[in-house]
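**Q** Contents of coords.tsv (TSV, C-alpha atoms and all ligand atoms) are given next:
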chain	number	residue	atom	x	y	z
A	13	MET	CA	18.00	-10.09	11.23
A	14	ALA	CA	15.16	-11.70	9.34
A	15	PHE	CA	12.08	-9.71	8.45
A	16	GLU	CA	8.96	-10.43	10.46
A	17	LEU	CA	5.25	-10.19	9.85
A	18	PRO	CA	4.04	-7.08	11.71
A	19	ALA	CA	0.99	-7.61	13.90
A	20	LEU	CA	-2.24	-6.14	12.56
A	21	PRO	CA	-2.92	-2.95	14.56
A	22	TYR	CA	-6.61	-3.98	14.95
A	23	ALA	CA	-8.79	-7.09	14.95
A	24	HIS	CA	-9.53	-8.98	11.73
A	25	ASN	CA	-13.14	-7.80	11.79
A	26	ALA	CA	-12.34	-4.17	12.68
A	27	LEU	CA	-12.79	-2.88	9.14
A	28	GLU	CA	-16.17	-4.52	8.51
A	29	PRO	CA	-18.41	-4.06	6.64
A	30	HIS	CA	-15.97	-2.42	4.23
A	31	ILE	CA	-13.32	-5.12	4.39
A	32	ASP	CA	-14.47	-8.46	5.77
A	33	ALA	CA	-12.73	-10.45	8.51
A	34	LYS	CA	-12.08	-13.52	6.36
A	35	THR	CA	-10.29	-11.43	3.74
A	36	MET	CA	-8.18	-9.73	6.41
A	37	GLU	CA	-7.33	-13.07	8.02
A	38	ILE	CA	-6.10	-14.61	4.77
A	39	HIS	CA	-4.57	-11.40	3.43
A	40	HIS	CA	-2.47	-10.69	6.52
A	41	GLY	CA	-1.87	-14.19	7.88
A	42	LYS	CA	-1.30	-16.02	4.59
A	43	HIS	CA	-0.42	-13.56	1.80
A	44	HIS	CA	1.69	-11.09	3.77
A	45	GLN	CA	3.29	-13.93	5.73
A	46	ALA	CA	4.26	-15.60	2.45
A	47	TYR	CA	5.95	-12.41	1.20
A	48	VAL	CA	7.94	-12.20	4.45
A	49	THR	CA	8.96	-15.87	4.34
A	50	ASN	CA	9.90	-15.75	0.66
A	51	LEU	CA	11.80	-12.47	1.11
A	52	ASN	CA	13.83	-13.97	3.96
A	53	ASN	CA	14.59	-17.03	1.84
A	54	ALA	CA	15.58	-14.85	-1.13
A	55	ILE	CA	18.07	-12.73	0.83
A	56	ALA	CA	19.45	-15.45	3.13
A	57	GLY	CA	23.23	-15.21	3.29
A	58	THR	CA	23.40	-11.95	1.30
A	59	ASP	CA	24.25	-8.38	2.33
A	60	ALA	CA	20.56	-7.46	1.99
A	61	GLU	CA	20.00	-9.15	5.35
A	62	LYS	CA	21.55	-6.09	6.98
A	63	LEU	CA	19.35	-3.55	5.17
A	64	SER	CA	15.97	-2.04	5.91
A	65	ILE	CA	13.09	-2.87	3.59
A	66	GLU	CA	13.15	0.77	2.40
A	67	GLU	CA	16.84	0.51	1.46
A	68	ILE	CA	16.20	-2.72	-0.43
A	69	CYS	CA	13.29	-1.15	-2.35
A	70	LYS	CA	15.32	1.95	-3.28
A	71	ASN	CA	17.99	-0.22	-4.94
A	72	ILE	CA	15.70	-2.98	-6.16
A	73	SER	CA	17.26	-3.10	-9.66
A	74	LYS	CA	20.33	-4.73	-8.06
A	75	TYR	CA	18.33	-7.70	-6.81
A	76	PRO	CA	16.75	-10.75	-8.44
A	77	MET	CA	12.98	-10.87	-9.09
A	78	PRO	CA	12.08	-12.82	-5.92
A	79	VAL	CA	13.46	-9.94	-3.82
A	80	ARG	CA	11.53	-7.39	-5.87
A	81	ASN	CA	8.25	-9.29	-5.66
A	82	ASN	CA	8.45	-10.34	-2.02
A	83	GLY	CA	10.30	-7.29	-0.72
A	84	GLY	CA	7.72	-5.08	-2.38
A	85	GLY	CA	4.99	-7.30	-0.98
A	86	HIS	CA	6.36	-6.90	2.54
A	87	TYR	CA	6.82	-3.11	2.31
A	88	ASN	CA	3.47	-2.48	0.63
A	89	HIS	CA	1.37	-4.53	3.02
A	90	SER	CA	3.16	-3.15	6.09
A	91	LEU	CA	2.12	0.34	4.97
A	92	PHE	CA	-1.37	-0.77	3.92
A	93	TRP	CA	-2.41	-2.16	7.33
A	94	LYS	CA	-1.37	1.06	9.04
A	95	VAL	CA	-3.20	3.48	6.76
A	96	MET	CA	-6.51	1.84	7.71
A	97	LYS	CA	-8.38	1.75	11.00
A	98	ALA	CA	-11.79	1.01	12.46
A	99	GLY	CA	-13.93	4.11	12.30
A	100	GLY	CA	-11.60	5.74	9.82
A	101	GLY	CA	-12.61	7.94	6.93
A	102	GLY	CA	-13.59	11.57	7.08
A	103	ALA	CA	-11.13	14.10	5.78
A	104	PRO	CA	-7.48	14.96	6.37
A	105	SER	CA	-6.56	18.17	8.17
A	106	GLY	CA	-3.55	20.43	8.56
A	107	ALA	CA	-0.58	20.40	6.19
A	108	LEU	CA	-1.73	17.26	4.39
A	109	ALA	CA	-5.14	18.76	3.63
A	110	GLU	CA	-3.46	21.91	2.32
A	111	ALA	CA	-1.13	19.89	0.10
A	112	ILE	CA	-4.03	17.85	-1.30
A	113	ASN	CA	-5.98	21.02	-2.07
A	114	LYS	CA	-2.95	22.61	-3.68
A	115	THR	CA	-2.20	19.65	-5.96
A	116	PHE	CA	-5.68	18.36	-6.75
A	117	GLY	CA	-7.95	21.34	-6.08
A	118	ASN	CA	-9.99	19.58	-3.42
A	119	LEU	CA	-10.37	16.24	-1.60
A	120	ASP	CA	-13.06	14.92	-3.95
A	121	GLU	CA	-10.87	15.49	-6.99
A	122	PHE	CA	-7.99	13.67	-5.25
A	123	LYS	CA	-10.32	10.75	-4.43
A	124	LYS	CA	-11.48	10.65	-8.05
A	125	GLN	CA	-7.93	10.45	-9.37
A	126	PHE	CA	-6.92	7.84	-6.78
A	127	ALA	CA	-10.00	5.70	-7.56
A	128	ASN	CA	-9.20	5.99	-11.24
A	129	ALA	CA	-5.63	4.82	-10.62
A	130	ALA	CA	-7.04	1.83	-8.72
A	131	ALA	CA	-9.66	1.00	-11.33
A	132	THR	CA	-7.41	1.29	-14.38
A	133	ARG	CA	-4.44	-0.70	-13.08
A	134	PHE	CA	-4.66	-3.75	-15.36
A	135	GLY	CA	-4.25	-6.99	-13.44
A	136	SER	CA	-2.63	-6.88	-10.01
A	137	GLY	CA	-1.02	-3.87	-8.40
A	138	TRP	CA	-1.42	-0.86	-6.15
A	139	ALA	CA	-2.77	2.68	-6.22
A	140	TRP	CA	-0.68	5.28	-4.39
A	141	LEU	CA	-0.59	8.78	-3.04
A	142	CYS	CA	3.07	9.71	-2.81
A	143	VAL	CA	5.38	12.60	-2.12
A	144	LYS	CA	7.72	13.25	-5.05
A	145	ALA	CA	11.35	14.38	-4.79
A	146	ASP	CA	10.22	18.03	-5.10
A	147	LYS	CA	7.91	17.44	-2.08
A	148	THR	CA	4.69	17.76	-4.10
A	149	LEU	CA	1.98	15.09	-4.10
A	150	ALA	CA	1.16	12.69	-6.91
A	151	VAL	CA	-1.30	9.86	-7.54
A	152	CYS	CA	-0.08	6.85	-9.47
A	153	SER	CA	-0.26	3.09	-9.67
A	154	THR	CA	2.31	0.31	-9.92
A	155	PRO	CA	2.04	-3.28	-11.20
A	156	ASN	CA	2.41	-6.43	-9.09
A	157	GLN	CA	4.23	-5.65	-5.80
A	158	ASP	CA	6.25	-2.74	-7.15
A	159	ASN	CA	6.03	0.59	-5.34
A	160	PRO	CA	7.15	4.22	-5.86
A	161	LEU	CA	10.25	3.75	-3.68
A	162	MET	CA	11.70	1.35	-6.23
A	163	ASP	CA	14.34	2.64	-8.62
A	164	VAL	CA	12.62	0.69	-11.40
A	165	SER	CA	9.25	2.40	-10.88
A	166	ASP	CA	7.68	4.70	-13.51
A	167	CYS	CA	6.33	6.85	-10.68
A	168	LYS	CA	8.91	7.62	-8.04
A	169	GLY	CA	8.30	9.03	-4.59
A	170	THR	CA	7.60	8.18	-0.99
A	171	PRO	CA	4.26	6.39	-0.61
A	172	ILE	CA	2.04	7.88	2.10
A	173	LEU	CA	-1.22	6.08	1.23
A	174	GLY	CA	-1.63	2.84	-0.70
A	175	LEU	CA	-4.51	0.65	-1.83
A	176	ASP	CA	-3.95	-3.00	-2.69
A	177	VAL	CA	-5.91	-3.82	-5.85
A	178	TRP	CA	-4.88	-7.47	-6.15
A	179	GLU	CA	-7.99	-9.67	-6.34
A	180	HIS	CA	-6.91	-11.35	-3.07
A	181	ALA	CA	-7.60	-8.00	-1.35
A	182	TYR	CA	-11.28	-7.86	-2.25
A	183	TYR	CA	-12.59	-10.87	-4.18
A	184	LEU	CA	-14.33	-12.72	-1.32
A	185	HIS	CA	-16.59	-9.76	-0.58
A	186	TYR	CA	-16.65	-7.74	-3.80
A	187	GLN	CA	-15.92	-10.40	-6.46
A	188	ASN	CA	-15.15	-8.49	-9.69
A	189	ARG	CA	-16.34	-5.10	-8.35
A	190	ARG	CA	-12.96	-3.46	-7.75
A	191	PRO	CA	-14.40	0.09	-7.99
A	192	ASP	CA	-16.84	-0.69	-5.14
A	193	TYR	CA	-13.95	-1.89	-2.98
A	194	ALA	CA	-11.94	1.23	-3.84
A	195	ALA	CA	-14.92	3.43	-2.94
A	196	ALA	CA	-15.41	1.62	0.39
A	197	PHE	CA	-11.73	2.13	1.23
A	198	TRP	CA	-12.41	5.80	2.07
A	199	ASN	CA	-14.49	4.65	5.07
A	200	VAL	CA	-11.47	3.02	6.70
A	201	VAL	CA	-8.62	5.37	5.79
A	202	ASN	CA	-6.58	6.42	8.82
A	203	TRP	CA	-5.88	10.03	7.87
A	204	ASP	CA	-3.80	10.62	11.01
A	205	GLU	CA	-1.38	7.94	9.84
A	206	VAL	CA	-1.31	9.37	6.30
A	207	ALA	CA	-0.57	12.81	7.78
A	208	LYS	CA	2.26	11.30	9.79
A	209	ASN	CA	3.67	9.70	6.65
A	210	TYR	CA	3.31	13.02	4.84
A	211	ALA	CA	5.15	14.95	7.57
A	212	ALA	CA	8.01	12.44	7.53
A	213	ALA	CA	8.26	12.51	3.73
A	214	VAL	CA	8.45	16.30	3.39
A	215	LYS	CA	10.96	16.71	6.23
B	1	MN	MN	-2.23	-7.97	-0.92
Just dump the structure as structure tokens.
Ligand code: MN
**A**
Amino acid sequence: MAFELPALPYAHNALEPHIDAKTMEIHHGKHHQAYVTNLNNAIAGTDAEKLSIEEICKNISKYPMPVRNNGGGHYNHSLFWKVMKAGGGGAPSGALAEAINKTFGNLDEFKKQFANAAATRFGSGWAWLCVKADKTLAVCSTPNQDNPLMDVSDCKGTPILGLDVWEHAYYLHYQNRRPDYAAAFWNVVNWDEVAKNYAAAVK
């Protein structure tokens, strides 16, 4: 079964003014679609066709680079669209809020560390909030389309929130101002979805 581009769970302009419609249109329809197409081409006729994208990521060292780059691209963007929504933002509640406070002290300190991970990732990559094997939270970043699920990653865990810091994610609206884009991200975060991801990861 070939991988497919998931539909955006909202309209292209739903995240404005924080993320503009044109960026969303190209990012989802062209960039993410290209990762899906190239992933399908890279695994055609191999056993990986029977696996989930999570299973492929977890054993990514067994695959050639095109699977790593495009498989990561597909997984990362699929998560990214879902952790945002129109009228998002605010603060998490419940078990996720408690875990953030326990690990980082408070929400602002978490945001500071996450923004720093986004700002200091040299070149293209992602900033993450993930659940480590011991079920505690960690902030980290990965290069290119790598992610914390991958066995090759320096920071391993289950991603529950991710921010794309490739220039294609923000350049039309923010040009070189990646920190402004990362700051605006908090206005569109879908904390209910992050909480759902957290609950699944600590199960
Ligand atoms: Mn992207």
**Q** Compute the set of protein, DNA and RNA residues whose minimum atom distance to ligand MN 1 (chain B) is at most 8 Å, using only C-alpha atoms and all ligand atoms, and state it as a PyMOL selection string.
**A** chain A and resi 39-40+43-44+85+89+176-178+180-181
**Q** For those residues, write C-alpha atoms to a file as a PDB file, in the coordinates of the input.
**A**
ATOM      1  CA  HIS A  39      -4.570 -11.400   3.430  1.00  0.00           C
ATOM      2  CA  HIS A  40      -2.470 -10.690   6.520  1.00  0.00           C
ATOM      3  CA  HIS A  43      -0.420 -13.560   1.800  1.00  0.00           C
ATOM      4  CA  HIS A  44       1.690 -11.090   3.770  1.00  0.00           C
ATOM      5  CA  GLY A  85       4.990  -7.300  -0.980  1.00  0.00           C
ATOM      6  CA  HIS A  89       1.370  -4.530   3.020  1.00  0.00           C
ATOM      7  CA  ASP A 176      -3.950  -3.000  -2.690  1.00  0.00           C
ATOM      8  CA  VAL A 177      -5.910  -3.820  -5.850  1.00  0.00           C
ATOM      9  CA  TRP A 178      -4.880  -7.470  -6.150  1.00  0.00           C
ATOM     10  CA  HIS A 180      -6.910 -11.350  -3.070  1.00  0.00           C
ATOM     11  CA  ALA A 181      -7.600  -8.000  -1.350  1.00  0.00           C
TER      12      ALA A 181
END
**Q** Using all atoms listed in the file, determine which residues lie at most 6 Å from region 20-31 of chain A, disregarding the query and same-chain residues fewer than 6 positions distant; provide the list as a PyMOL selection string.
**A** chain A and resi 37+98+196
**Q** What does the distance between CA of Lys74 (chain A) and CA of Leu161 (chain A) come to in Å, to one decimal place?
**A** 13.9 Å
**Q** Which polymer residues, protein or nucleic acid, are no farther than 12 Å from (4.5, -11.9, 5.5), counting only C-alpha atoms, as an MDAnalysis selection string?
**A** chainID A and resid 14:20 38:53 82:90
**Q** Write out as a list of chain:residue names the residues lying within 9 Å of Ala207 (chain A), counting only C-alpha atoms and excluding same-chain residues fewer than 4 positions away.
**A** A:Pro104, A:Ser105, A:Gly106, A:Ala107, A:Leu108, A:Ala109, A:Ile172, A:Asn202, A:Trp203, A:Ala211, A:Ala212
**Q** Rank A:Leu175, A:Ala213, A:Leu91, A:Met77 by their smallest atom-to-atom distance to Lys123 (chain A), using all atoms listed in the file, and report the top residue only.
**A**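 The shortest atom-to-atom distance to Lys123 (chain A) comes from A:Leu175.
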**Q** Record the distance separating CA of Gly101 (chain A) and CA of Val200 (chain A), expressed in Å with one decimal.
**A**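 A separation of 5.1 Å between them.
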**Q** Nearest residue to Ala131 (chain A) out of A:Val164, A:Ile72, A:Ala195, A:Ala150, using all atoms listed in the file?
**A**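 Closest to Ala131 (chain A), using all atoms listed in the file: A:Ala195.
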